[in-house]
Each structure stands twice: as structure tokens, then as C-alpha cells.
Amino acid sequence: MTTTGLQPPPAATDRAALTVRGLRKQYAGRSVLDGVDLEVRAGECFALLGPNGAGKTTAIEVLEGVRSRDAGEVTVLGEDPATAGRAWRARIGVVSQGEAAGPALTVQETLDHFAAYHATPRSTADLLDAVGLADSSGTRVARLSGGQRRRLAVALGVQGRPELVFLDEPTTGMDPVARRQFWQLIRELRAAGTTVLLTTHYLDEAAELADRVGVIAAGRLVEVAPPDELGAALRRQATVRWLDDGAWREVRTEQPAAVLRDLLAEHPHGEVPGLAVTRPGLEDVYLQLVGAGAPEVDA
Ligand SMILES: Nc1ncnc2c1ncn2[C@@H]1O[C@H](COP(=O)(O)OP(=O)(O)OP(=O)(O)O)[C@@H](O)[C@H]1O
């Protein structure tokens, strides 16, 4: 695997790698996906965020062609995953939440074994390096830690040089070093033009890797935007906080400078005690979008 140094990644193209229109899915009459529309461009890294049970895995499995849908149009690399054949499957890589390999083989044997299923597999040595498993190549899969198993799953998912790779919570259980190693792998895949669709609960991961983030809640995509533009209306709101005779005062405003001017005019000879101006970060915005407990933003 080659490293990309400090070169910027190539821009995603205008060509769609996948499109989803009106995707619906129910389990036992309970709606999990309630009309999802989504387009991921070729070469793009797209992160799907959402709380537990929001339907991320269901959506990704429909796109992988391993789960049926009740309604909607889905096109992935030009084909409907529900009917696409082996040639199409060879063009996608899958890292699911489940176990990716049997327990009896070693890491090296596992990668060598699955290499035979691909026309032009990445070399086992490169994969071991890329996911940081070189020192564990002789370890049986049964003896790997949870985080090491995730690394092996990631290696297997990208082994066949897929055009499009689906990663469902790829870094769950990984230690911070392994996560950063994984991030580097994703940057390298993206630099090579691979389209990446991942789900994650880590907002820093989405911010670090994704060109765009989609937030799914109550069966719908409630917002799609680049990470630093997510919840733009919410982010415009600043909170000005200060101590007034020992009691905290707080004002939410789109014009914090005006509030500060008034405050400074009231304190001509000294500091405003406890003064702070903050804006919501990605986590605050996310919590607002999924309706989970962050403070309301006033107009
Ligand atoms: N095979 C199934 N049969 C019945 N219900 C299911 C099935 N698979 C998932 N569900 C339910 O559908 C909802 C969405 O599940 P899904 O796994 O797609 O969510 P998720 O967003 O991936 O969650 P998490 O972040 O916890 O992985 C959940 O309430 C789950 O219990």
C-alpha cells in the first residue's frame, strides 16, 4: 500500500456511485426506514450517523444486496443490488458488524485463503501492514482481541480492491492507535478513487474522514452536509455567558458582538466576570438533529 503524504485527496466526481430514492423498510409492521433519499458520488467518503436503532445497518445492508426492501429505487454501481450478480459483487467491499472469518485459521492463512476469491487481490503483506496486524499474522483468529478482529474484517473488506466499500461501524472496539491507522487506510483508499460509505458513532471520525455526513433519525435522513456545515442554522447561534452579581446570565444570539458591546458598556472600568462566547460544535449539532437532549436554540 502506498502512502499519500501531504497531497490533498482528489475531489469526488459528479458521477453517482449510488442513488437511493424513497427507500422504505419495515420489520414486523414497524417502520425502520421511512423514505430515505441519498446520493453518494463516485470517489466520495460519506459517513452515515445516527443513534442506535436508527436504521443505518438496515440501509447499508439493502445497498449491499443482503437485505430486502419494501419500497424504493436503489442503484449501486449502476445496478439494483437486489438482483445484481457476482460481477457486481466483486466490485464492492463489505465490512459488516458480524464476524468476518472463521476462528481456526491464522490471520495470514485467512487473508491468503480469501485472496483466492478476488481477481487482483491486494497482497497479504500490504494488508497486514495497512491494518497493523503484521505482528499478529501467525495468531489464530479465535485468539484475536475484538479490536484486532475489526482490523481483520477491514483488511478482508478491501482485499479485492473494491470500487465501493461499505464499512458498518468499522472502528468499534479499536484502540486509538488502531483507529488512526484505519483513518490513514481510508484516506489512502479515497486517494486511489475508492468510494467509501461508512457508519459510525464517532463524530470525530466522521469529521476527520467524510466529505459529507448524513444524519439518520426516525427512519429519515434529517440532514446531509459536509461535517463543518452540518446544522448551519444551529451553528450560527452563539451563546454569551457571564456572571452578574454572582448569578450566571446567558443569551443566545446570532449577533454576539452586539451583546458584547452592551456588556462592555455596562462594565466600563473592568472585566466582565466569567465572560465566554461559545458556538455549538459537531456533537451539539448532532444531538439537536437527532432530537436528543441538547438545549433548544431560540431565534
Ligand atoms: N432482522 C430484524 N428483524 C426485526 N427487527 C430488526 C431486524 N434488524 C434490525 N431490526 C430493528 O430495526 C431497527 C434498526 O436496526 P439497525 O440495525 O438498522 O440500526 P442501526 O442504526 O444500525 O443501529 P446501531 O447503531 O445500534 O448499529 C432496530 O430497532 C432493530 O432492532
# chains A, B, ... in the order shown; residues from 1 in each chain; ligands from 1
$ closest_atom_pairs --of "chain A" --to "ligand 1" --cutoff "6 Å" --atoms "only C-alpha atoms and all ligand atoms" --output "Markdown table"
| residue | atom | partner | partner_atom_place_in_ligand_line | distance |
| --- | --- | --- | --- | --- |
| A:Tyr27 | CA | ligand 1 | 4 (C) | 4.8 |
| A:Val32 | CA | ligand 1 | 13 (C) | 5.5 |
| A:Pro51 | CA | ligand 1 | 25 (O) | 5.5 |
| A:Asn52 | CA | ligand 1 | 26 (O) | 3.4 |
| A:Gly53 | CA | ligand 1 | 19 (O) | 3.5 |
| A:Ala54 | CA | ligand 1 | 21 (O) | 3.7 |
| A:Gly55 | CA | ligand 1 | 18 (O) | 3.2 |
| A:Lys56 | CA | ligand 1 | 21 (O) | 3.7 |
| A:Thr57 | CA | ligand 1 | 22 (O) | 3.6 |
| A:Thr58 | CA | ligand 1 | 18 (O) | 3.7 |
$ closest_atom_pairs --of "range 165-240 of chain A" --to "range 67-79 of chain A" --cutoff "12 Å" --atoms "only C-alpha atoms" --output "JSON lines"
{"residue": "A:Val165", "atom": "CA", "partner": "A:Val76", "partner_atom": "CA", "distance": 11.2}
{"residue": "A:Phe166", "atom": "CA", "partner": "A:Val76", "partner_atom": "CA", "distance": 11.4}
{"residue": "A:Thr194", "atom": "CA", "partner": "A:Leu77", "partner_atom": "CA", "distance": 11.9}
{"residue": "A:Thr195", "atom": "CA", "partner": "A:Leu77", "partner_atom": "CA", "distance": 10.2}
{"residue": "A:Leu197", "atom": "CA", "partner": "A:Val76", "partner_atom": "CA", "distance": 11.6}
$ select_by_dssp --residues "range 168-265 of chain A" --states "helix (DSSP H, G or I)" --output "compact mmCIF listing (two decimals) with C-alpha atoms, in the first residue's frame"
# COMPACT_ATOMS: atom_id res chain seq x y z
CA PRO A 176 -6.92 4.96 19.47
CA VAL A 177 -3.78 3.89 17.60
CA ALA A 178 -5.70 1.37 15.51
CA ARG A 179 -8.39 3.97 14.76
CA ARG A 180 -5.79 6.37 13.41
CA GLN A 181 -4.22 3.58 11.36
CA PHE A 182 -7.69 2.86 9.98
CA TRP A 183 -8.21 6.54 9.16
CA GLN A 184 -4.97 6.53 7.18
CA LEU A 185 -6.13 3.45 5.28
CA ILE A 186 -9.40 5.19 4.40
CA ARG A 187 -7.50 8.29 3.21
CA GLU A 188 -5.34 6.08 1.00
CA LEU A 189 -8.39 4.30 -0.43
CA ARG A 190 -10.02 7.63 -1.13
CA ALA A 191 -6.85 8.99 -2.73
CA LEU A 203 -18.31 12.24 15.43
CA ASP A 204 -14.58 12.94 15.29
CA GLU A 205 -14.24 10.05 12.86
CA ALA A 206 -16.95 11.46 10.61
CA ALA A 207 -15.41 14.93 10.79
CA GLU A 208 -11.95 13.54 10.03
CA LEU A 209 -12.84 11.27 7.12
CA PRO A 227 -19.14 17.93 8.52
CA ASP A 228 -18.28 21.57 9.16
CA GLU A 229 -21.54 22.76 7.57
CA ALA A 232 -25.56 25.55 9.72
CA ALA A 233 -28.61 27.32 11.19
CA LEU A 234 -27.87 25.87 14.63
CA ARG A 235 -24.22 26.83 14.41
CA PRO A 256 -22.76 38.06 19.84
CA ALA A 257 -20.76 41.21 19.05
CA ALA A 258 -23.80 43.39 19.79
CA VAL A 259 -24.35 41.64 23.14
CA LEU A 260 -20.65 42.07 23.97
CA ARG A 261 -20.78 45.77 23.12
CA ASP A 262 -23.69 46.28 25.54
CA LEU A 263 -21.95 44.26 28.24
CA LEU A 264 -18.70 46.19 27.90
CA ALA A 265 -20.62 49.45 28.05
$ residues_around --residues "range 14-16 of chain A" --least-positions-apart "6" --cutoff "8 Å" --atoms "only C-alpha atoms" --output "PDB file with N, CA and C atoms, in the first residue's frame"
ATOM      1  N   GLU A  39     -27.716  10.196  -2.238  1.00  0.00           N
ATOM      2  CA  GLU A  39     -26.829  10.004  -3.389  1.00  0.00           C
ATOM      3  C   GLU A  39     -25.393  10.123  -2.886  1.00  0.00           C
ATOM      4  N   VAL A  40     -24.565   9.143  -3.217  1.00  0.00           N
ATOM      5  CA  VAL A  40     -23.136   9.200  -2.888  1.00  0.00           C
ATOM      6  C   VAL A  40     -22.375   9.229  -4.200  1.00  0.00           C
ATOM      7  N   ARG A  41     -21.511  10.232  -4.343  1.00  0.00           N
ATOM      8  CA  ARG A  41     -20.776  10.398  -5.603  1.00  0.00           C
ATOM      9  C   ARG A  41     -19.566   9.478  -5.649  1.00  0.00           C
ATOM     10  N   ALA A  42     -19.192   9.107  -6.861  1.00  0.00           N
ATOM     11  CA  ALA A  42     -18.005   8.254  -7.030  1.00  0.00           C
ATOM     12  C   ALA A  42     -16.784   8.981  -6.471  1.00  0.00           C
ATOM     13  N   LEU A  77     -23.489   1.252  -8.148  1.00  0.00           N
ATOM     14  CA  LEU A  77     -22.586   0.988  -9.270  1.00  0.00           C
ATOM     15  C   LEU A  77     -23.385   0.547 -10.496  1.00  0.00           C
TER      16      LEU A  77
END
$ select_by_dssp --residues "range 212-260 of chain A" --states "strand (DSSP E or B)" --output "PyMOL selection string"
chain A and resi 212-217+220-225+238-244+247-253
$ closest_residue --among "A:Glu169, A:Glu223, A:Asp175, A:Asp80" --to "Val36 in chain A" --atoms "only C-alpha atoms"
A:Glu223
$ atom_distance --atom1 "CA of Asp211 in chain A" --atom2 "CA of Leu49 in chain A"
13.2 Å
$ residues_around --residues "Asp244 in chain A" --least-positions-apart "2" --cutoff "10 Å" --atoms "only C-alpha atoms" --output "list in words"
Arg241, Trp242, Gly246, Ala247, Trp248, Arg249, Glu250, Val272, Pro273, Gly274 and Leu275 of chain A
$ closest_residue --among "A:Arg252, A:His201, A:Arg161, A:Arg279" --to "His118 in chain A" --atoms "only C-alpha atoms"
A:Arg161
$ residues_around --residues "Asp135 in chain A" --least-positions-apart "5" --cutoff "12 Å" --atoms "only C-alpha atoms" --output "ChimeraX atom specification"
/A:106-108,125,128-130,144,148
$ residues_around --residues "Val224 in chain A" --least-positions-apart "3" --cutoff "9 Å" --atoms "only C-alpha atoms" --output "number ranges by chain"
A: 38, 212-215, 221, 227, 230
